[in-house]
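Visitor: Input file: work_13.tsv. Contents: TSV, C-alpha atoms and all ligand atoms.
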```tsv
chain	number	residue	atom	x	y	z
A	1	MET	CA	-6.79	0.68	-23.75
A	2	ASN	CA	-7.60	-2.98	-24.23
A	3	GLY	CA	-7.17	-5.63	-21.62
A	4	ILE	CA	-9.02	-8.06	-19.40
A	5	LEU	CA	-10.40	-5.19	-17.31
A	6	THR	CA	-11.75	-3.06	-20.17
A	7	GLY	CA	-14.90	-1.30	-19.02
A	8	LYS	CA	-14.34	-2.13	-15.34
A	9	ARG	CA	-14.37	0.52	-12.66
A	10	LEU	CA	-12.40	-0.22	-9.54
A	11	LEU	CA	-11.88	1.38	-6.17
A	12	ILE	CA	-8.37	0.70	-4.90
A	13	THR	CA	-7.35	1.32	-1.29
A	14	GLY	CA	-3.87	0.96	0.15
A	15	VAL	CA	-1.59	3.08	-2.05
A	16	LEU	CA	0.98	4.66	0.26
A	17	THR	CA	4.40	4.40	-1.40
A	18	PRO	CA	5.69	3.26	-4.80
A	19	SER	CA	6.27	-0.15	-3.16
A	20	SER	CA	2.68	-0.61	-1.97
A	21	ILE	CA	1.06	-3.74	-3.39
A	22	ALA	CA	-1.96	-1.55	-4.20
A	23	PHE	CA	0.20	0.76	-6.33
A	24	HIS	CA	1.10	-2.22	-8.51
A	25	VAL	CA	-2.53	-3.32	-8.72
A	26	ALA	CA	-3.54	0.21	-9.78
A	27	ARG	CA	-0.82	0.31	-12.44
A	28	LEU	CA	-1.69	-3.10	-13.85
A	29	ALA	CA	-5.44	-2.43	-13.72
A	30	LEU	CA	-5.01	0.79	-15.71
A	31	GLU	CA	-2.73	-1.00	-18.18
A	32	ASN	CA	-5.45	-3.56	-18.65
A	33	GLY	CA	-8.19	-1.11	-19.45
A	34	ALA	CA	-9.79	-0.40	-16.06
A	35	GLU	CA	-10.72	2.98	-14.66
A	36	VAL	CA	-9.70	3.43	-11.04
A	37	VAL	CA	-10.39	5.62	-8.03
A	38	LEU	CA	-7.80	5.50	-5.26
A	39	THR	CA	-8.34	6.09	-1.58
A	40	ALA	CA	-5.61	7.68	0.52
A	41	PHE	CA	-4.60	7.53	4.16
A	42	PRO	CA	-3.11	9.45	5.89
A	43	ARG	CA	-1.53	11.70	3.24
A	44	VAL	CA	-3.65	12.55	0.23
A	45	SER	CA	-0.86	14.74	-1.21
A	46	LEU	CA	1.54	11.78	-1.29
A	47	VAL	CA	-0.94	9.57	-3.12
A	48	GLU	CA	-1.66	12.39	-5.57
A	49	ARG	CA	2.04	12.53	-6.40
A	50	LEU	CA	2.10	8.76	-6.96
A	51	VAL	CA	-0.89	8.99	-9.29
A	52	ARG	CA	1.29	10.97	-11.69
A	53	ARG	CA	3.44	7.85	-12.04
A	54	LEU	CA	0.50	5.71	-13.09
A	55	PRO	CA	-0.24	5.02	-16.75
A	56	GLY	CA	-3.58	6.84	-16.57
A	57	PRO	CA	-5.65	9.24	-14.52
A	58	ALA	CA	-7.03	8.27	-11.11
A	59	PRO	CA	-9.03	10.52	-8.81
A	60	VAL	CA	-8.05	10.29	-5.12
A	61	VAL	CA	-10.46	10.35	-2.18
A	62	GLY	CA	-9.32	10.42	1.43
A	63	LEU	CA	-10.38	7.45	3.58
A	64	ASP	CA	-9.51	6.46	7.12
A	65	VAL	CA	-11.25	3.10	7.17
A	66	THR	CA	-11.73	3.34	10.96
A	67	ASP	CA	-13.69	6.60	10.72
A	68	PRO	CA	-17.45	5.92	10.57
A	69	GLU	CA	-18.17	9.38	9.16
A	70	GLN	CA	-15.72	8.95	6.26
A	71	LEU	CA	-17.15	5.50	5.56
A	72	GLY	CA	-20.66	6.91	5.79
A	73	ASN	CA	-20.16	9.34	2.93
A	74	LEU	CA	-17.71	7.20	0.93
A	75	ALA	CA	-20.28	5.96	-1.57
A	76	ASP	CA	-21.34	9.56	-2.26
A	77	ARG	CA	-17.76	10.75	-2.66
A	78	VAL	CA	-16.86	7.85	-4.97
A	79	GLY	CA	-20.20	8.26	-6.75
A	80	GLU	CA	-19.07	11.69	-7.94
A	81	HIS	CA	-16.52	9.87	-10.10
A	82	PHE	CA	-18.16	6.52	-10.88
A	83	GLY	CA	-21.89	5.79	-10.79
A	84	GLU	CA	-21.16	2.10	-10.34
A	85	LEU	CA	-18.23	-0.05	-9.22
A	86	ASP	CA	-17.15	-3.45	-10.59
A	87	GLY	CA	-14.51	-4.08	-7.99
A	88	VAL	CA	-12.93	-3.04	-4.69
A	89	LEU	CA	-9.38	-3.76	-3.54
A	90	HIS	CA	-8.87	-3.96	0.22
A	91	SER	CA	-5.12	-3.51	0.79
A	92	ILE	CA	-5.16	-2.20	4.33
A	93	ALA	CA	-3.42	-3.35	7.47
A	94	TYR	CA	-2.08	-1.69	10.56
A	95	ALA	CA	-0.89	-2.85	13.97
A	96	PRO	CA	0.64	-0.61	16.65
A	97	PRO	CA	4.28	-1.52	17.48
A	98	ALA	CA	3.12	-3.07	20.77
A	99	ALA	CA	1.04	-5.63	18.87
A	100	LEU	CA	3.87	-7.13	16.81
A	101	GLY	CA	7.62	-7.49	16.63
A	102	GLY	CA	7.77	-10.13	19.33
A	103	ASN	CA	5.44	-8.42	21.83
A	104	PHE	CA	2.64	-10.96	21.51
A	105	THR	CA	2.49	-12.06	25.14
A	106	THR	CA	2.33	-8.51	26.54
A	107	THR	CA	0.00	-6.82	24.06
A	108	THR	CA	-3.00	-5.20	25.71
A	109	TRP	CA	-6.55	-5.02	24.38
A	110	PRO	CA	-6.52	-1.42	23.07
A	111	ASP	CA	-3.61	-2.30	20.74
A	112	VAL	CA	-5.26	-5.56	19.72
A	113	ALA	CA	-8.50	-3.68	19.10
A	114	THR	CA	-6.74	-1.16	16.83
A	115	THR	CA	-5.13	-4.02	14.90
A	116	LEU	CA	-8.40	-5.90	14.37
A	117	ARG	CA	-10.41	-2.81	13.58
A	118	THR	CA	-8.00	-1.61	10.89
A	119	SER	CA	-6.93	-4.95	9.47
A	120	THR	CA	-9.94	-7.28	9.89
A	121	TYR	CA	-13.21	-5.46	10.47
A	122	SER	CA	-12.30	-2.96	7.72
A	123	LEU	CA	-12.95	-5.59	5.03
A	124	HIS	CA	-16.52	-5.71	6.29
A	125	SER	CA	-16.96	-1.97	6.80
A	126	LEU	CA	-15.43	-1.05	3.43
A	127	SER	CA	-17.51	-3.64	1.55
A	128	ILE	CA	-20.75	-2.62	3.23
A	129	ALA	CA	-20.04	1.10	2.75
A	130	LEU	CA	-19.61	0.52	-0.99
A	131	LEU	CA	-22.46	-1.96	-1.41
A	132	PRO	CA	-24.81	0.67	-2.92
A	133	LEU	CA	-22.32	1.24	-5.76
A	134	LEU	CA	-21.32	-2.37	-6.44
A	135	ARG	CA	-22.71	-3.81	-9.64
A	136	LYS	CA	-25.08	-6.71	-8.95
A	137	PRO	CA	-24.43	-9.28	-10.20
A	138	GLY	CA	-20.84	-9.38	-11.34
A	139	SER	CA	-18.66	-7.35	-9.01
A	140	SER	CA	-15.58	-8.56	-7.20
A	141	ILE	CA	-14.05	-7.67	-3.83
A	142	VAL	CA	-10.39	-8.63	-3.39
A	143	GLY	CA	-8.36	-8.40	-0.17
A	144	LEU	CA	-4.68	-8.93	0.65
A	145	ASP	CA	-3.82	-11.71	3.06
A	146	PHE	CA	-0.74	-13.27	4.59
A	147	ASP	CA	-1.02	-17.01	5.26
A	148	SER	CA	-2.37	-17.31	8.79
A	149	SER	CA	-2.59	-21.10	9.04
A	150	VAL	CA	0.58	-21.11	11.14
A	151	SER	CA	2.26	-18.61	13.49
A	152	TRP	CA	5.15	-16.47	12.26
A	153	SER	CA	7.99	-14.90	14.17
A	154	GLU	CA	7.12	-11.25	15.00
A	155	TYR	CA	3.88	-11.15	12.97
A	156	ASP	CA	1.96	-11.61	16.22
A	157	TRP	CA	-1.46	-9.93	16.41
A	158	MET	CA	-1.34	-9.15	12.72
A	159	GLY	CA	-1.42	-12.91	12.21
A	160	VAL	CA	-4.52	-13.13	14.39
A	161	ALA	CA	-6.00	-10.25	12.37
A	162	LYS	CA	-5.30	-12.13	9.12
A	163	SER	CA	-7.05	-15.26	10.46
A	164	GLY	CA	-10.02	-13.02	11.15
A	165	LEU	CA	-9.74	-11.48	7.70
A	166	GLU	CA	-9.90	-14.93	6.11
A	167	SER	CA	-13.02	-15.77	8.05
A	168	CYS	CA	-14.54	-12.35	7.38
A	169	ALA	CA	-14.02	-12.88	3.63
A	170	ARG	CA	-15.84	-16.21	3.81
A	171	TYR	CA	-18.80	-14.63	5.62
A	172	LEU	CA	-18.95	-11.75	3.17
A	173	ALA	CA	-18.83	-14.31	0.35
A	174	TYR	CA	-21.79	-16.04	2.02
A	175	TYR	CA	-23.87	-12.91	2.56
A	176	LEU	CA	-23.06	-11.10	-0.70
A	177	GLY	CA	-23.04	-14.16	-2.96
A	178	PRO	CA	-26.82	-14.09	-3.54
A	179	GLN	CA	-26.35	-10.60	-5.04
A	180	GLY	CA	-23.70	-11.94	-7.40
A	181	ILE	CA	-20.78	-10.32	-5.56
A	182	ARG	CA	-17.58	-12.36	-5.21
A	183	VAL	CA	-15.19	-11.94	-2.26
A	184	ASN	CA	-11.70	-13.44	-2.44
A	185	LEU	CA	-8.28	-12.98	-0.87
A	186	VAL	CA	-4.82	-13.11	-2.35
A	187	ALA	CA	-2.30	-14.52	0.16
A	188	ALA	CA	1.00	-12.97	-0.88
A	189	GLY	CA	4.50	-14.02	0.04
A	190	PRO	CA	6.63	-11.33	1.75
A	191	ILE	CA	7.25	-8.09	-0.13
A	192	ARG	CA	9.33	-5.12	1.11
A	193	THR	CA	6.76	-2.42	1.81
A	194	MET	CA	6.15	0.07	4.60
A	195	ALA	CA	3.74	-2.35	6.28
A	196	ALA	CA	6.28	-5.19	6.18
A	197	SER	CA	9.08	-3.01	7.57
A	198	GLU	CA	7.06	-2.44	10.74
A	199	PHE	CA	7.32	-6.05	11.78
A	200	THR	CA	10.69	-7.09	10.43
A	201	LYS	CA	13.09	-4.71	12.18
A	202	GLU	CA	16.07	-5.68	10.14
A	203	PRO	CA	14.65	-5.51	6.63
A	204	GLY	CA	14.14	-9.21	7.27
A	205	ASP	CA	16.65	-10.61	4.82
A	206	ASP	CA	16.61	-14.01	6.49
A	207	PHE	CA	12.87	-14.20	6.25
A	208	TYR	CA	12.96	-13.40	2.54
A	209	ALA	CA	15.84	-15.81	1.96
A	210	THR	CA	14.02	-18.62	3.78
A	211	TRP	CA	10.90	-18.00	1.73
A	212	GLN	CA	12.91	-17.94	-1.48
A	213	ALA	CA	14.53	-21.27	-0.57
A	214	LYS	CA	11.27	-22.92	0.48
A	215	ALA	CA	9.04	-21.86	-2.41
A	216	PRO	CA	9.08	-24.44	-5.24
A	217	LEU	CA	8.94	-21.60	-7.77
A	218	GLY	CA	11.33	-19.42	-5.78
A	219	TRP	CA	10.30	-16.00	-4.52
A	220	GLU	CA	11.70	-12.68	-5.72
A	221	ALA	CA	9.59	-10.56	-3.32
A	222	ASP	CA	8.11	-8.87	-6.36
A	223	ALA	CA	4.65	-7.27	-6.13
A	224	ASP	CA	3.86	-7.77	-9.80
A	225	PRO	CA	2.69	-11.42	-9.59
A	226	VAL	CA	0.49	-10.46	-6.64
A	227	ALA	CA	-1.01	-7.60	-8.63
A	228	ARG	CA	-1.64	-9.93	-11.56
A	229	ALA	CA	-3.65	-12.27	-9.35
A	230	CYS	CA	-5.73	-9.34	-8.09
A	231	VAL	CA	-6.37	-8.18	-11.64
A	232	ALA	CA	-7.39	-11.72	-12.63
A	233	LEU	CA	-9.87	-11.84	-9.74
A	234	PHE	CA	-11.35	-8.49	-10.87
A	235	SER	CA	-11.75	-9.83	-14.41
A	236	ASP	CA	-14.56	-12.03	-15.71
A	237	TRP	CA	-12.28	-15.07	-15.61
A	238	PHE	CA	-13.20	-16.22	-12.08
A	239	PRO	CA	-16.99	-16.00	-12.34
A	240	ALA	CA	-17.72	-18.94	-10.03
A	241	THR	CA	-15.05	-18.38	-7.40
A	242	THR	CA	-15.79	-16.82	-4.04
A	243	GLY	CA	-14.66	-17.25	-0.45
A	244	GLU	CA	-11.33	-18.39	-1.87
A	245	ILE	CA	-7.77	-17.72	-0.77
A	246	LEU	CA	-5.46	-17.64	-3.75
A	247	HIS	CA	-1.82	-18.06	-2.74
A	248	VAL	CA	0.73	-16.02	-4.67
A	249	ASP	CA	3.80	-17.04	-2.72
A	250	GLY	CA	5.89	-19.15	-5.08
A	251	GLY	CA	4.10	-22.19	-3.63
A	252	ALA	CA	5.68	-21.90	-0.17
A	253	HIS	CA	2.39	-22.65	1.62
A	254	ALA	CA	2.14	-26.03	-0.07
A	255	VAL	CA	5.40	-27.52	1.15
A	256	GLY	CA	6.48	-28.56	4.64
B	257	MET	CA	21.53	20.35	-18.11
B	258	THR	CA	23.95	21.95	-15.69
B	259	GLU	CA	22.33	22.54	-12.39
B	260	THR	CA	24.56	24.06	-9.74
B	261	ARG	CA	24.53	22.82	-6.18
B	262	GLU	CA	22.76	26.03	-5.21
B	263	ASP	CA	20.04	25.37	-7.78
B	264	ILE	CA	19.53	21.89	-6.38
B	265	TYR	CA	19.50	23.20	-2.83
B	266	GLY	CA	16.88	25.78	-3.78
B	267	GLU	CA	14.67	23.15	-5.34
B	268	VAL	CA	15.09	20.67	-2.48
B	269	SER	CA	14.33	23.40	0.02
B	270	ALA	CA	11.19	24.30	-1.94
B	271	ILE	CA	10.10	20.64	-1.94
B	272	ILE	CA	10.64	20.36	1.83
B	273	GLN	CA	8.64	23.53	2.39
B	274	GLU	CA	5.86	22.34	0.11
B	275	VAL	CA	5.58	18.91	1.73
B	276	THR	CA	5.91	20.03	5.34
B	277	GLY	CA	4.58	23.59	5.33
B	278	MET	CA	7.92	24.69	6.85
B	279	GLN	CA	9.44	28.16	6.27
B	280	ALA	CA	12.53	28.56	4.01
B	281	ALA	CA	14.52	30.03	6.92
B	282	ASP	CA	14.05	26.79	8.91
B	283	VAL	CA	15.68	24.61	6.27
B	284	SER	CA	19.50	24.50	6.11
B	285	PRO	CA	22.02	22.08	4.56
B	286	LYS	CA	23.50	20.65	7.79
B	287	LYS	CA	20.20	19.96	9.45
B	288	SER	CA	19.10	16.38	9.93
B	289	ILE	CA	15.86	15.94	8.05
B	290	VAL	CA	14.21	13.68	10.59
B	291	ASP	CA	15.70	14.90	13.89
B	292	ASP	CA	16.24	18.65	13.40
B	293	LEU	CA	13.42	19.35	11.01
B	294	ASP	CA	11.18	16.89	12.83
B	295	ILE	CA	9.87	15.37	9.62
B	296	ASP	CA	7.96	12.10	10.02
B	297	SER	CA	8.69	9.03	7.94
B	298	LEU	CA	5.77	9.59	5.58
B	299	SER	CA	6.81	13.18	4.87
B	300	MET	CA	10.24	11.75	4.15
B	301	VAL	CA	8.67	9.31	1.69
B	302	GLU	CA	6.82	12.18	0.07
B	303	ILE	CA	9.98	14.30	-0.15
B	304	GLY	CA	11.74	11.30	-1.73
B	305	VAL	CA	8.98	10.83	-4.30
B	306	ALA	CA	8.95	14.56	-5.12
B	307	VAL	CA	12.75	14.62	-5.48
B	308	GLU	CA	12.72	11.58	-7.75
B	309	ASP	CA	10.11	13.15	-9.99
B	310	LYS	CA	11.72	16.61	-10.01
B	311	PHE	CA	15.26	15.46	-10.81
B	312	ALA	CA	14.44	12.21	-12.66
B	313	VAL	CA	16.67	10.21	-10.31
B	314	GLU	CA	15.98	7.17	-8.16
B	315	ILE	CA	16.34	6.83	-4.40
B	316	THR	CA	16.11	3.15	-3.58
B	317	ASP	CA	14.65	1.85	-0.32
B	318	ALA	CA	18.17	0.79	0.68
B	319	GLU	CA	19.59	4.26	0.02
B	320	MET	CA	16.83	6.13	1.83
B	321	PRO	CA	17.99	5.40	5.42
B	322	LYS	CA	21.50	6.67	4.58
B	323	ILE	CA	20.15	10.11	3.77
B	324	VAL	CA	20.22	11.98	7.07
B	325	THR	CA	20.88	15.68	6.40
B	326	VAL	CA	19.59	18.00	3.71
B	327	GLU	CA	23.16	17.97	2.39
B	328	ASP	CA	23.12	14.15	2.10
B	329	LEU	CA	20.02	14.44	-0.04
B	330	ILE	CA	21.69	17.00	-2.30
B	331	ASP	CA	24.83	14.81	-2.56
B	332	HIS	CA	22.66	11.89	-3.55
B	333	ILE	CA	20.86	13.92	-6.21
B	334	GLU	CA	24.16	15.25	-7.62
B	335	GLN	CA	25.70	11.78	-7.79
B	336	ALA	CA	22.60	10.21	-9.29
B	337	MET	CA	22.37	12.95	-11.92
B	338	ALA	CA	26.05	12.59	-12.75
B	339	ALA	CA	25.67	8.82	-13.10
B	340	ARG	CA	22.66	9.30	-15.35
B	341	ASP	CA	24.02	12.02	-17.69
C	401	LIG	N1	4.19	-6.72	2.28
C	401	LIG	C1	3.96	-7.99	2.53
C	401	LIG	O1	4.88	-8.78	2.75
C	401	LIG	C2	2.54	-8.52	2.53
C	401	LIG	C3	2.31	-9.90	2.41
C	401	LIG	C4	1.00	-10.37	2.43
C	401	LIG	C5	-0.05	-9.48	2.58
C	401	LIG	N2	0.21	-8.13	2.72
C	401	LIG	C6	-0.94	-7.23	2.90
C	401	LIG	O2	-1.04	-6.34	1.82
C	401	LIG	C7	-1.78	-5.21	2.24
C	401	LIG	C8	-1.06	-3.94	1.81
C	401	LIG	O3	0.17	-3.79	2.49
C	401	LIG	P1	1.53	-3.40	1.76
C	401	LIG	O4	2.48	-4.50	2.05
C	401	LIG	O5	1.30	-2.99	0.37
C	401	LIG	O6	2.07	-2.18	2.65
C	401	LIG	P2	1.74	-0.61	2.62
C	401	LIG	O7	2.31	-0.08	3.87
C	401	LIG	O8	2.19	-0.02	1.35
C	401	LIG	O9	0.16	-0.57	2.67
C	401	LIG	C9	-0.61	-0.61	3.85
C	401	LIG	C10	-1.78	0.29	3.60
C	401	LIG	O10	-2.71	0.28	4.70
C	401	LIG	C11	-3.30	1.55	4.72
C	401	LIG	N3	-3.94	1.86	5.97
C	401	LIG	C12	-3.45	1.68	7.23
C	401	LIG	N4	-4.32	2.14	8.13
C	401	LIG	C13	-5.39	2.62	7.42
C	401	LIG	C14	-6.61	3.25	7.79
C	401	LIG	N5	-6.94	3.47	9.07
C	401	LIG	N6	-7.48	3.62	6.80
C	401	LIG	C15	-7.17	3.40	5.50
C	401	LIG	N7	-6.02	2.82	5.09
C	401	LIG	C16	-5.14	2.45	6.05
C	401	LIG	C17	-2.14	2.51	4.44
C	401	LIG	O11	-2.63	3.73	3.94
C	401	LIG	C18	-1.36	1.75	3.40
C	401	LIG	O12	-1.73	2.18	2.13
C	401	LIG	C19	-1.95	-5.35	3.75
C	401	LIG	O13	-3.22	-5.92	4.01
C	401	LIG	C20	-0.87	-6.34	4.10
C	401	LIG	O14	-1.14	-7.04	5.29
C	401	LIG	C21	1.47	-7.63	2.68
```
Mind converting the file's structure to structure tokens?

Guide:
Amino acid sequence: MNGILTGKRLLITGVLTPSSIAFHVARLALENGAEVVLTAFPRVSLVERLVRRLPGPAPVVGLDVTDPEQLGNLADRVGEHFGELDGVLHSIAYAPPAALGGNFTTTTWPDVATTLRTSTYSLHSLSIALLPLLRKPGSSIVGLDFDSSVSWSEYDWMGVAKSGLESCARYLAYYLGPQGIRVNLVAAGPIRTMAASEFTKEPGDDFYATWQAKAPLGWEADADPVARACVALFSDWFPATTGEILHVDGGAHAVG
Amino acid sequence: MTETREDIYGEVSAIIQEVTGMQAADVSPKKSIVDDLDIDSLSMVEIGVAVEDKFAVEITDAEMPKIVTVEDLIDHIEQAMAARD
């Protein structure tokens, strides 16, 4: 298949349901010529079913990004499929119910720690675990962000985690840049996924409607434009861009 | 393709057993999938995906919460297949 990712080999985390942003990235990457390996958590069998809906084959490896042992042998397990990687998608976030949904003032450290470990530190641990396989120079690490420059109703400690993620991406860009590895984030507008349903109890129609009204381009809560941005960042068309946050939100972040 | 309700039930029951490791005798039409069968939300997602693939029907995110019992799921499949054919 021909496309802007022809010849690229990507590791994609974060596929959980057909709505997952990562599922759309995997689909679009395959359509554009990439080869992909998916990681799965917590149900490998579910991800294997979803692979059958993709336009090409994709091996699945299990990965709990908070498990040092699984991270420790990740490069070996991925290496069985691909000798080298051109890109990694970090599409992972989790916060216990006590850390979001309006519980900000009463959240205790163990719940905050779980949130930060899974949603912030994991960008570091995943990148470093895969460093031996990443092509140098020329590979690209892409993470999913939600604008953390302001506070949001109910997003709570996940918002704090995203601020940390943004900073973590800049430090990784700094430390991995000399090896020719780019690290960027895509800050998406709201999309109805499993992760989003955890913090908007009512499927958040008001939130989506407000976003739609605010965004100069409008906002259909569609994952496809987000996936396109990720694919673009994996391609050779952003060779001098790192430490960047690319907003794919209909432009909502730019207006007051 | 004329699948009887019993055929659909048999296939849905097989999917539930495959996804959850449950025995056939534990699955019955009136049982609530989440409360009686104690199936977690991710198993429910997996059952939904398997059903969609098996019967070539769609269960939208909005429809999913309305499916409570095994029977509801079978009703949904029957209606979706009828609408499609
Ligand atoms: N949905 C939105 O509105 C939105 C907006 C902006 C950014 N994002 C971000 O996009 C990313 C993907 O979320 P999504 O919306 O596609 O939802 P999702 O629920 O489909 O994906 C979340 C993913 O995190 C993974 N995960 C959680 N804990 C893990 C662990 N310990 N180890 C490995 N993987 C783990 C899950 O397996 C799942 O695939 C997240 O970083 C999220 O914050 C989402």

Visitor: For each of A:Trp219, A:Phe41, A:Trp157, A:Tyr171, take the minimum atom-to-atom distance to ligand LIG 401 (chain C), counting only C-alpha atoms and all ligand atoms, then give the residue where this is smallest.

Guide: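 Looking at the shortest contact to ligand LIG 401 (chain C), the residue is A:Phe41.
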
Visitor: Within 8 Å of ligand LIG 401 (chain C), which residues show up when you count only C-alpha atoms and all ligand atoms? List them as a PDB file with C-alpha atoms, in the frame of the given file, please.

Guide:
```pdb
ATOM      1  CA  THR A  13      -7.350   1.320  -1.290  1.00  0.00           C
ATOM      2  CA  GLY A  14      -3.870   0.960   0.150  1.00  0.00           C
ATOM      3  CA  VAL A  15      -1.590   3.080  -2.050  1.00  0.00           C
ATOM      4  CA  LEU A  16       0.980   4.660   0.260  1.00  0.00           C
ATOM      5  CA  THR A  17       4.400   4.400  -1.400  1.00  0.00           C
ATOM      6  CA  PRO A  18       5.690   3.260  -4.800  1.00  0.00           C
ATOM      7  CA  SER A  19       6.270  -0.150  -3.160  1.00  0.00           C
ATOM      8  CA  SER A  20       2.680  -0.610  -1.970  1.00  0.00           C
ATOM      9  CA  ILE A  21       1.060  -3.740  -3.390  1.00  0.00           C
ATOM     10  CA  ALA A  22      -1.960  -1.550  -4.200  1.00  0.00           C
ATOM     11  CA  PHE A  23       0.200   0.760  -6.330  1.00  0.00           C
ATOM     12  CA  THR A  39      -8.340   6.090  -1.580  1.00  0.00           C
ATOM     13  CA  ALA A  40      -5.610   7.680   0.520  1.00  0.00           C
ATOM     14  CA  PHE A  41      -4.600   7.530   4.160  1.00  0.00           C
ATOM     15  CA  PRO A  42      -3.110   9.450   5.890  1.00  0.00           C
ATOM     16  CA  LEU A  63     -10.380   7.450   3.580  1.00  0.00           C
ATOM     17  CA  ASP A  64      -9.510   6.460   7.120  1.00  0.00           C
ATOM     18  CA  VAL A  65     -11.250   3.100   7.170  1.00  0.00           C
ATOM     19  CA  THR A  66     -11.730   3.340  10.960  1.00  0.00           C
ATOM     20  CA  ASP A  67     -13.690   6.600  10.720  1.00  0.00           C
ATOM     21  CA  HIS A  90      -8.870  -3.960   0.220  1.00  0.00           C
ATOM     22  CA  SER A  91      -5.120  -3.510   0.790  1.00  0.00           C
ATOM     23  CA  ILE A  92      -5.160  -2.200   4.330  1.00  0.00           C
ATOM     24  CA  ALA A  93      -3.420  -3.350   7.470  1.00  0.00           C
ATOM     25  CA  TYR A  94      -2.080  -1.690  10.560  1.00  0.00           C
ATOM     26  CA  THR A 118      -8.000  -1.610  10.890  1.00  0.00           C
ATOM     27  CA  SER A 119      -6.930  -4.950   9.470  1.00  0.00           C
ATOM     28  CA  GLY A 143      -8.360  -8.400  -0.170  1.00  0.00           C
ATOM     29  CA  LEU A 144      -4.680  -8.930   0.650  1.00  0.00           C
ATOM     30  CA  ASP A 145      -3.820 -11.710   3.060  1.00  0.00           C
ATOM     31  CA  PHE A 146      -0.740 -13.270   4.590  1.00  0.00           C
ATOM     32  CA  ASP A 147      -1.020 -17.010   5.260  1.00  0.00           C
ATOM     33  CA  MET A 158      -1.340  -9.150  12.720  1.00  0.00           C
ATOM     34  CA  LYS A 162      -5.300 -12.130   9.120  1.00  0.00           C
ATOM     35  CA  VAL A 186      -4.820 -13.110  -2.350  1.00  0.00           C
ATOM     36  CA  ALA A 187      -2.300 -14.520   0.160  1.00  0.00           C
ATOM     37  CA  ALA A 188       1.000 -12.970  -0.880  1.00  0.00           C
ATOM     38  CA  GLY A 189       4.500 -14.020   0.040  1.00  0.00           C
ATOM     39  CA  PRO A 190       6.630 -11.330   1.750  1.00  0.00           C
ATOM     40  CA  ILE A 191       7.250  -8.090  -0.130  1.00  0.00           C
ATOM     41  CA  ARG A 192       9.330  -5.120   1.110  1.00  0.00           C
ATOM     42  CA  THR A 193       6.760  -2.420   1.810  1.00  0.00           C
ATOM     43  CA  MET A 194       6.150   0.070   4.600  1.00  0.00           C
ATOM     44  CA  ALA A 195       3.740  -2.350   6.280  1.00  0.00           C
ATOM     45  CA  ALA A 196       6.280  -5.190   6.180  1.00  0.00           C
ATOM     46  CA  ALA A 221       9.590 -10.560  -3.320  1.00  0.00           C
TER      47      ALA A 221
END
```

Visitor: For chain A, which residues have at least one atom within 8 Å of chain B, if we go by all atoms listed in the file? Write them as a list in words, please.

Guide: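 Residues of chain A within 8 Å of chain B, counting all atoms listed in the file: Thr17, Arg43, Leu46, Arg49 and Leu50 of chain A.
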
Visitor: Could you pull the residues within 10 Å of His332 of chain B, counting only C-alpha atoms, minus those fewer than 2 positions along the same chain, as number ranges by chain?

Guide: B: 313-315, 319-320, 322-323, 326-330, 334-338

Visitor: Rank A:Ile141, A:Val47, A:Leu134, A:Leu10 by their smallest atom-to-atom distance to Ala173 of chain A, using all atoms listed in the file, and report the top residue only.

Guide: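 Checking each candidate against Ala173 of chain A, we get A:Ile141 as the closest.
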
Visitor: Do you have the atom CA of Ala229 of chain A-atom CA of Arg182 of chain A distance handy?

Guide: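 Atom CA of Arg182 of chain A lies 14.5 Å from atom CA of Ala229 of chain A.
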
Visitor: Between atom CA of Pro178 of chain A and atom CA of Arg77 of chain A, what is the spacing in Å?

Guide: 26.5 Å

Visitor: Counting all atoms listed in the file, figure out which residue out of B:Tyr265, B:Phe311, B:Thr260, B:Met300 gets nearest to Ser284 of chain B.

Guide: B:Tyr265

Visitor: Enumerate, as a PDB file with C-alpha atoms, keeping the file's coordinate frame, the protein, DNA and RNA residues whose atoms approach (-19.5, 6.7, 0.6) to within 10 Å, taking into account all atoms listed in the file and the coordinate frame of the file.

Guide:
```
ATOM      1  CA  LEU A  63     -10.380   7.450   3.580  1.00  0.00           C
ATOM      2  CA  GLU A  69     -18.170   9.380   9.160  1.00  0.00           C
ATOM      3  CA  GLN A  70     -15.720   8.950   6.260  1.00  0.00           C
ATOM      4  CA  LEU A  71     -17.150   5.500   5.560  1.00  0.00           C
ATOM      5  CA  GLY A  72     -20.660   6.910   5.790  1.00  0.00           C
ATOM      6  CA  ASN A  73     -20.160   9.340   2.930  1.00  0.00           C
ATOM      7  CA  LEU A  74     -17.710   7.200   0.930  1.00  0.00           C
ATOM      8  CA  ALA A  75     -20.280   5.960  -1.570  1.00  0.00           C
ATOM      9  CA  ASP A  76     -21.340   9.560  -2.260  1.00  0.00           C
ATOM     10  CA  ARG A  77     -17.760  10.750  -2.660  1.00  0.00           C
ATOM     11  CA  VAL A  78     -16.860   7.850  -4.970  1.00  0.00           C
ATOM     12  CA  GLY A  79     -20.200   8.260  -6.750  1.00  0.00           C
ATOM     13  CA  GLU A  80     -19.070  11.690  -7.940  1.00  0.00           C
ATOM     14  CA  LEU A 126     -15.430  -1.050   3.430  1.00  0.00           C
ATOM     15  CA  ILE A 128     -20.750  -2.620   3.230  1.00  0.00           C
ATOM     16  CA  ALA A 129     -20.040   1.100   2.750  1.00  0.00           C
ATOM     17  CA  LEU A 130     -19.610   0.520  -0.990  1.00  0.00           C
ATOM     18  CA  LEU A 131     -22.460  -1.960  -1.410  1.00  0.00           C
ATOM     19  CA  PRO A 132     -24.810   0.670  -2.920  1.00  0.00           C
ATOM     20  CA  LEU A 133     -22.320   1.240  -5.760  1.00  0.00           C
TER      21      LEU A 133
END
```
